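Trainee: See start_28.cif below, with mmCIF, C-alpha atoms.
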data_my_file
#
loop_
_atom_site.label_atom_id
_atom_site.label_comp_id
_atom_site.auth_asym_id
_atom_site.auth_seq_id
_atom_site.Cartn_x
_atom_site.Cartn_y
_atom_site.Cartn_z
CA MET E 1 0.00 0.00 0.00
CA PRO E 2 1.56 3.38 -1.02
CA ARG E 3 2.34 5.78 1.75
CA ALA E 4 0.80 9.22 1.86
CA LYS E 5 3.03 12.15 0.99
CA PRO E 6 4.37 14.24 3.90
CA SER E 7 2.60 17.32 2.54
CA THR E 8 -0.68 15.40 2.55
CA ASN E 9 -0.15 14.33 6.16
CA ILE E 10 0.62 17.90 7.21
CA ALA E 11 -2.50 19.21 5.47
CA LEU E 12 -4.60 16.49 7.07
CA ARG E 13 -3.25 17.32 10.54
CA LEU E 14 -3.95 21.02 10.00
CA CYS E 15 -7.53 20.31 8.90
CA THR E 16 -8.05 18.01 11.87
CA SER E 17 -6.67 20.62 14.28
CA CYS E 18 -8.97 23.29 12.82
CA VAL E 19 -12.05 21.08 13.11
CA THR E 20 -11.31 19.87 16.64
CA GLY E 21 -10.26 23.33 17.80
CA PHE E 22 -13.33 25.14 16.43
CA PRO E 23 -15.61 24.41 19.46
CA VAL E 24 -12.95 25.78 21.83
CA ILE E 25 -12.51 28.93 19.72
CA PHE E 26 -16.30 29.34 19.59
CA VAL E 27 -16.63 29.15 23.40
CA CYS E 28 -13.77 31.62 23.88
CA CYS E 29 -15.42 34.06 21.45
CA LEU E 30 -18.69 33.76 23.37
CA LEU E 31 -16.93 34.56 26.64
CA LEU E 32 -15.17 37.58 25.12
CA TRP E 33 -18.44 38.83 23.62
CA ALA E 34 -20.22 38.39 26.98
CA PHE E 35 -17.49 40.40 28.73
CA TYR E 36 -17.74 43.21 26.18
CA ALA E 37 -21.55 43.30 26.22
CA TYR E 38 -21.78 43.36 30.02
CA ILE E 39 -18.81 45.47 31.07
CA VAL E 40 -18.49 47.90 28.16
CA VAL E 41 -22.10 48.24 27.00
CA LEU E 42 -24.19 47.61 30.12
CA CYS E 43 -21.93 48.94 32.87
CA GLY E 44 -20.14 51.51 30.76
CA GLN E 45 -23.02 53.00 28.76
CA LEU E 46 -26.47 51.98 30.00
CA LEU E 47 -26.20 52.08 33.79
CA GLU E 48 -26.05 55.50 35.46
CA SER E 49 -25.40 54.65 39.11
CA ILE E 50 -21.69 54.29 39.89
CA VAL E 51 -22.44 51.97 42.82
CA GLU E 52 -24.57 49.72 40.62
CA LYS E 53 -21.86 49.66 37.96
CA ALA E 54 -19.21 48.69 40.51
CA LEU E 55 -21.27 45.96 42.20
CA LEU E 56 -22.62 44.34 39.03
CA GLY E 57 -19.33 44.65 37.17
CA THR E 58 -17.28 43.15 40.03
CA ALA E 59 -19.60 40.17 40.49
CA PHE E 60 -19.70 39.55 36.72
CA THR E 61 -15.91 39.72 36.37
CA PHE E 62 -15.44 37.34 39.33
CA LEU E 63 -17.76 34.71 37.81
CA TRP E 64 -16.27 35.27 34.36
CA ILE E 65 -12.76 34.56 35.67
CA LEU E 66 -13.97 31.40 37.41
CA VAL E 67 -15.55 30.13 34.17
CA LEU E 68 -12.47 30.98 32.11
CA THR E 69 -10.04 29.43 34.60
CA SER E 70 -11.96 26.16 35.00
CA TYR E 71 -12.40 25.95 31.22
CA TYR E 72 -8.65 26.40 30.70
CA LYS E 73 -7.88 23.71 33.27
CA ALA E 74 -10.40 21.28 31.75
CA ILE E 75 -8.76 21.73 28.35
CA ASN E 76 -5.09 21.56 29.35
CA THR E 77 -5.16 19.06 32.22
CA PRO E 78 -4.45 15.53 30.97
CA ALA E 79 -7.42 13.22 31.42
CA GLY E 80 -5.20 10.62 33.03
CA ALA E 81 -3.44 7.57 31.62
CA PRO E 82 -3.49 4.16 33.34
CA PRO E 83 -0.44 3.40 35.53
CA GLU E 84 2.55 1.87 33.77
CA GLN E 85 2.17 -1.34 35.78
CA PHE E 86 -0.81 -2.21 33.52
CA ARG E 87 1.30 -1.91 30.37
CA LEU E 88 2.67 -5.17 29.05
CA SER E 89 6.37 -5.52 28.36
CA ASP E 90 7.64 -6.09 24.83
CA SER E 91 8.25 -9.76 25.58
CA GLN E 92 4.71 -10.20 26.91
CA ILE E 93 3.21 -8.49 23.85
CA ALA E 94 5.32 -10.71 21.58
CA GLU E 95 4.18 -13.79 23.49
CA TYR E 96 0.54 -12.69 23.20
CA ASP E 97 0.82 -11.97 19.45
CA ALA E 98 2.54 -15.30 18.84
CA VAL E 99 -0.55 -17.25 19.88
CA GLU E 100 -2.05 -18.39 16.57
CA MET E 101 -4.19 -21.49 16.04
CA ASP E 102 -6.43 -22.83 13.33
CA ASP E 103 -9.18 -23.24 15.88
CA LYS E 104 -10.21 -19.66 16.70
CA GLU E 105 -12.04 -20.66 19.87
CA ALA E 106 -8.95 -22.42 21.15
CA GLU E 107 -6.85 -19.38 20.20
CA LEU E 108 -9.16 -17.03 22.13
CA GLU E 109 -9.06 -19.35 25.13
CA ALA E 110 -5.26 -19.49 25.03
CA LYS E 111 -5.01 -15.68 24.86
CA LYS E 112 -7.52 -15.40 27.69
CA GLU E 113 -5.39 -17.66 29.90
CA LEU E 114 -2.28 -15.70 28.95
CA LEU E 115 -3.88 -12.40 29.97
CA GLU E 116 -5.00 -14.00 33.21
CA LYS E 117 -1.38 -14.84 33.93
CA PHE E 118 -0.17 -11.34 33.07
CA SER E 119 -2.79 -9.67 35.28
CA SER E 120 -2.56 -12.04 38.24
CA ARG E 121 -1.04 -9.32 40.46
CA LEU E 122 -3.05 -6.39 39.12
CA PRO E 123 -6.20 -4.96 40.81
CA VAL E 124 -8.58 -5.78 37.96
CA HIS E 125 -12.21 -6.63 38.67
CA THR E 126 -14.14 -5.54 35.55
CA ARG E 127 -14.21 -8.30 32.95
CA LEU E 128 -15.50 -8.96 29.47
CA PRO E 129 -18.87 -10.70 29.04
CA ASN E 130 -17.01 -14.00 28.54
CA GLY E 131 -15.08 -13.50 31.78
CA GLY E 132 -11.83 -12.49 30.09
CA ILE E 133 -9.44 -9.70 30.95
CA ARG E 134 -9.99 -6.41 29.10
CA TYR E 135 -6.92 -5.82 26.93
CA CYS E 136 -6.21 -2.81 24.69
CA ILE E 137 -4.26 -3.90 21.62
CA PRO E 138 -3.31 -0.38 20.34
CA CYS E 139 -1.92 0.65 23.76
CA GLY E 140 -0.57 -2.78 24.64
CA MET E 141 -1.95 -2.68 28.17
CA ILE E 142 -4.49 -4.36 30.39
CA LYS E 143 -7.35 -1.96 31.02
CA PRO E 144 -7.92 -0.98 34.65
CA ASP E 145 -11.48 -0.76 35.91
CA ARG E 146 -13.52 2.05 34.25
CA SER E 147 -10.75 2.69 31.72
CA HIS E 148 -11.49 2.89 28.01
CA HIS E 149 -9.60 3.57 24.81
CA CYS E 150 -10.43 6.93 23.21
CA SER E 151 -10.36 6.83 19.42
CA MET E 152 -9.95 10.63 19.30
CA CYS E 153 -7.04 10.88 21.75
CA LYS E 154 -5.53 7.57 20.56
CA THR E 155 -4.88 6.37 24.09
CA CYS E 156 -6.49 4.66 27.06
CA VAL E 157 -7.99 7.02 29.64
CA LEU E 158 -8.25 6.22 33.33
CA LYS E 159 -11.81 6.48 34.69
CA MET E 160 -12.97 7.78 31.33
CA ASP E 161 -16.33 9.58 31.24
CA HIS E 162 -16.48 10.75 27.61
CA HIS E 163 -14.60 12.71 24.97
CA CYS E 164 -15.92 16.27 25.00
CA PRO E 165 -15.44 18.27 21.78
CA TRP E 166 -16.14 21.53 23.65
CA VAL E 167 -12.91 21.12 25.64
CA ASN E 168 -11.13 19.15 22.87
CA ASN E 169 -10.12 16.63 25.49
CA CYS E 170 -11.27 13.50 27.21
CA VAL E 171 -13.00 13.85 30.57
CA GLY E 172 -11.41 11.41 32.95
CA PHE E 173 -9.65 10.92 36.27
CA GLY E 174 -7.25 13.85 35.82
CA ASN E 175 -9.60 16.64 34.76
CA TYR E 176 -13.05 15.47 35.88
CA LYS E 177 -13.06 17.98 38.76
CA PHE E 178 -12.28 20.92 36.46
CA PHE E 179 -14.95 19.82 33.96
CA VAL E 180 -17.63 19.71 36.67
CA LEU E 181 -16.47 23.08 38.02
CA PHE E 182 -16.68 24.54 34.53
CA LEU E 183 -20.28 23.36 34.15
CA SER E 184 -21.22 24.65 37.62
CA TYR E 185 -19.59 28.05 37.16
CA THR E 186 -21.11 28.41 33.69
CA THR E 187 -24.59 27.76 35.09
CA LEU E 188 -24.12 30.38 37.83
CA PHE E 189 -22.61 32.79 35.30
CA CYS E 190 -25.58 32.48 32.92
CA LEU E 191 -28.16 32.82 35.70
CA TYR E 192 -26.46 35.86 37.20
CA THR E 193 -26.09 37.56 33.81
CA ALA E 194 -29.69 36.92 32.82
CA PHE E 195 -31.24 38.19 36.09
CA SER E 196 -28.93 41.20 36.43
CA VAL E 197 -29.58 42.32 32.84
CA LEU E 198 -33.35 41.78 33.06
CA PRO E 199 -34.31 45.15 34.73
CA THR E 200 -32.27 47.15 32.20
CA PHE E 201 -33.71 45.11 29.35
CA ILE E 202 -37.29 45.72 30.49
CA ALA E 203 -36.63 49.46 30.92
CA SER E 204 -35.03 49.72 27.48
CA TRP E 205 -37.88 47.75 25.93
CA GLY E 206 -40.45 50.09 27.45
CA SER E 207 -38.59 53.26 26.47
CA MET E 208 -38.63 52.17 22.82
CA GLY E 209 -42.45 52.06 22.91
CA PHE E 210 -42.86 48.31 22.48
CA GLY E 211 -46.09 47.00 23.93
CA HIS E 212 -47.99 50.21 23.22
CA HIS E 213 -50.30 50.82 20.26
CA SER E 214 -48.84 53.27 17.77
CA LYS E 215 -50.89 55.68 15.71
CA HIS E 216 -51.23 54.71 12.10
CA HIS E 217 -52.81 56.84 9.39
CA ASP E 218 -54.11 55.75 6.01
CA TYR E 219 -53.49 58.17 3.18
CA ASN E 220 -55.19 58.55 -0.21
CA LYS E 221 -53.46 59.14 -3.51
CA THR E 222 -53.24 62.96 -2.91
CA GLY E 223 -51.35 62.47 0.33
CA GLU E 224 -54.21 63.52 2.67
CA PRO E 225 -55.44 61.29 5.53
CA THR E 226 -58.59 59.35 4.83
CA GLU E 227 -61.82 59.90 6.75
CA SER E 228 -61.52 56.66 8.69
CA SER E 229 -58.00 57.57 9.77
CA VAL E 230 -59.12 60.96 11.07
CA VAL E 231 -61.98 59.41 13.02
CA ILE E 232 -59.67 56.84 14.67
CA ASP E 233 -57.13 59.53 15.54
CA THR E 234 -59.84 61.77 17.05
CA SER E 235 -61.24 58.97 19.17
CA GLN E 236 -57.75 58.16 20.51
CA ARG E 237 -57.23 61.79 21.52
CA LEU E 238 -60.59 61.91 23.31
CA GLN E 239 -59.62 58.87 25.34
#
Show me the file's structure as structure tokens.
Mentor:
Amino acid sequence: MPRAKPSTNIALRLCTSCVTGFPVIFVCCLLLWAFYAYIVVLCGQLLESIVEKALLGTAFTFLWILVLTSYYKAINTPAGAPPEQFRLSDSQIAEYDAVEMDDKEAELEAKKELLEKFSSRLPVHTRLPNGGIRYCIPCGMIKPDRSHHCSMCKTCVLKMDHHCPWVNNCVGFGNYKFFVLFLSYTTLFCLYTAFSVLPTFIASWGSMGFGHHSKHHDYNKTGEPTESSVVIDTSQRLQ
């Protein structure tokens, strides 16, 4: 099979990085836009009270920093790889790969017994449906409990929850705390922003005349208001 050209591999890696990095860039743009809309527009232009500006702006900035910090940690903290004691040595992998038989059931049984021998001193309790040891061929290691191989990260992840595209990382043993903090802080951040903006939004909505009936006039071809329009306008003034 012909190998791909280096230029093709580089282009493919760049495209993959752009696609996987887009959700992170999108979230960062949302956070920057929220900071501008709240601090610059709301606190800087719409609010008149200096005390209100200081209190709302300080609380918003505090929550915004918490969201940004936890998001950064969830992205850059490794999800956690299984300990090296679960990785098979080169000789053990060679011994495992050398097991080949015409009878596939006998071959599977022989490999199962071999993995049982390799994992005899390891704390492994989760098994396959057939009772065998869970073994990751790409990583060459016996999977600890609650560990899974991530096809996106190309590695086994300890206590893996899922691969989250919004942090471009797996959520596992190493960064699970930061991921939960990010979700919690984001919820508080959204609730605070919505309720603190609501009074200003209602006041701005009312000052623009929304919710009130406007006066409309019908005009004839000469540009003069019709009789029905004059009657409606007169009745509104009387009221």
Trainee: Report as number ranges by chain the full result of the PyMOL selection byres ((chain E and resi 145-161) around 10) when it is applied to this structure.
Mentor: E: 20, 78-83, 123-127, 134-144, 162-165, 168-174, 176
Trainee: Just say which residues the PyMOL selection byres ((chain E and resi 60) around 9) picks in this file, as a list in words.
Mentor: Phe35, Tyr38, Ile39, Leu55, Leu56, Gly57, Thr58, Ala59, Thr61, Phe62, Leu63, Trp64, Ile65, Phe189, Tyr192 and Thr193 of chain E
Trainee: Rounded to one decimal in Å, what is the spacing between CA of Phe26 in chain E and CA of Leu42 in chain E?
Mentor: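 CA of Phe26 in chain E sits 22.5 Å away from CA of Leu42 in chain E.
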Trainee: When the PyMOL selection byres ((chain E and resi 177-180) around 8) is applied to the structure above, which residues does it catch, written out as a list in words?
Mentor: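 In the shown coordinates, the PyMOL selection byres ((chain E and resi 177-180) around 8) covers Ser70, Tyr71, Lys73, Ala74, Val171, Gly174, Asn175, Tyr176, Leu181, Phe182, Leu183 and Ser184 of chain E.
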Trainee: Mind pulling up the distance from CA of Cys190 in chain E to CA of Gly21 in chain E?
Mentor: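 Atom-to-atom, CA of Gly21 in chain E and CA of Cys190 in chain E are spaced 23.4 Å apart.
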Trainee: Provide the CA of Phe195 in chain E to CA of Val27 in chain E distance in Å, to one decimal place.
Mentor: 21.4 Å
Trainee: Name the residues in contact with Ala98 in chain E at a cut-off of 12 Å, using only C-alpha atoms, excluding same-chain residues fewer than 2 positions from it; report them as an MDAnalysis selection string.
Mentor: chainID E and resid 91:96 100:101 107 110:111 114
Trainee: Under the rule that only C-alpha atoms are counted, which of E:Phe118, E:Pro23, E:Ala37, E:Leu30 is the nearest residue to Thr186 in chain E?
Mentor: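 For Thr186 in chain E, the nearest of the given residues is E:Leu30.
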Trainee: Give the answer as one residue: which of E:Ile133, E:Leu68, E:Val41, E:Leu88 has the shortest atom-to-atom distance to Cys28 in chain E, using all atoms listed in the file?
Mentor: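 The answer is E:Leu68, which sits nearest to Cys28 in chain E.
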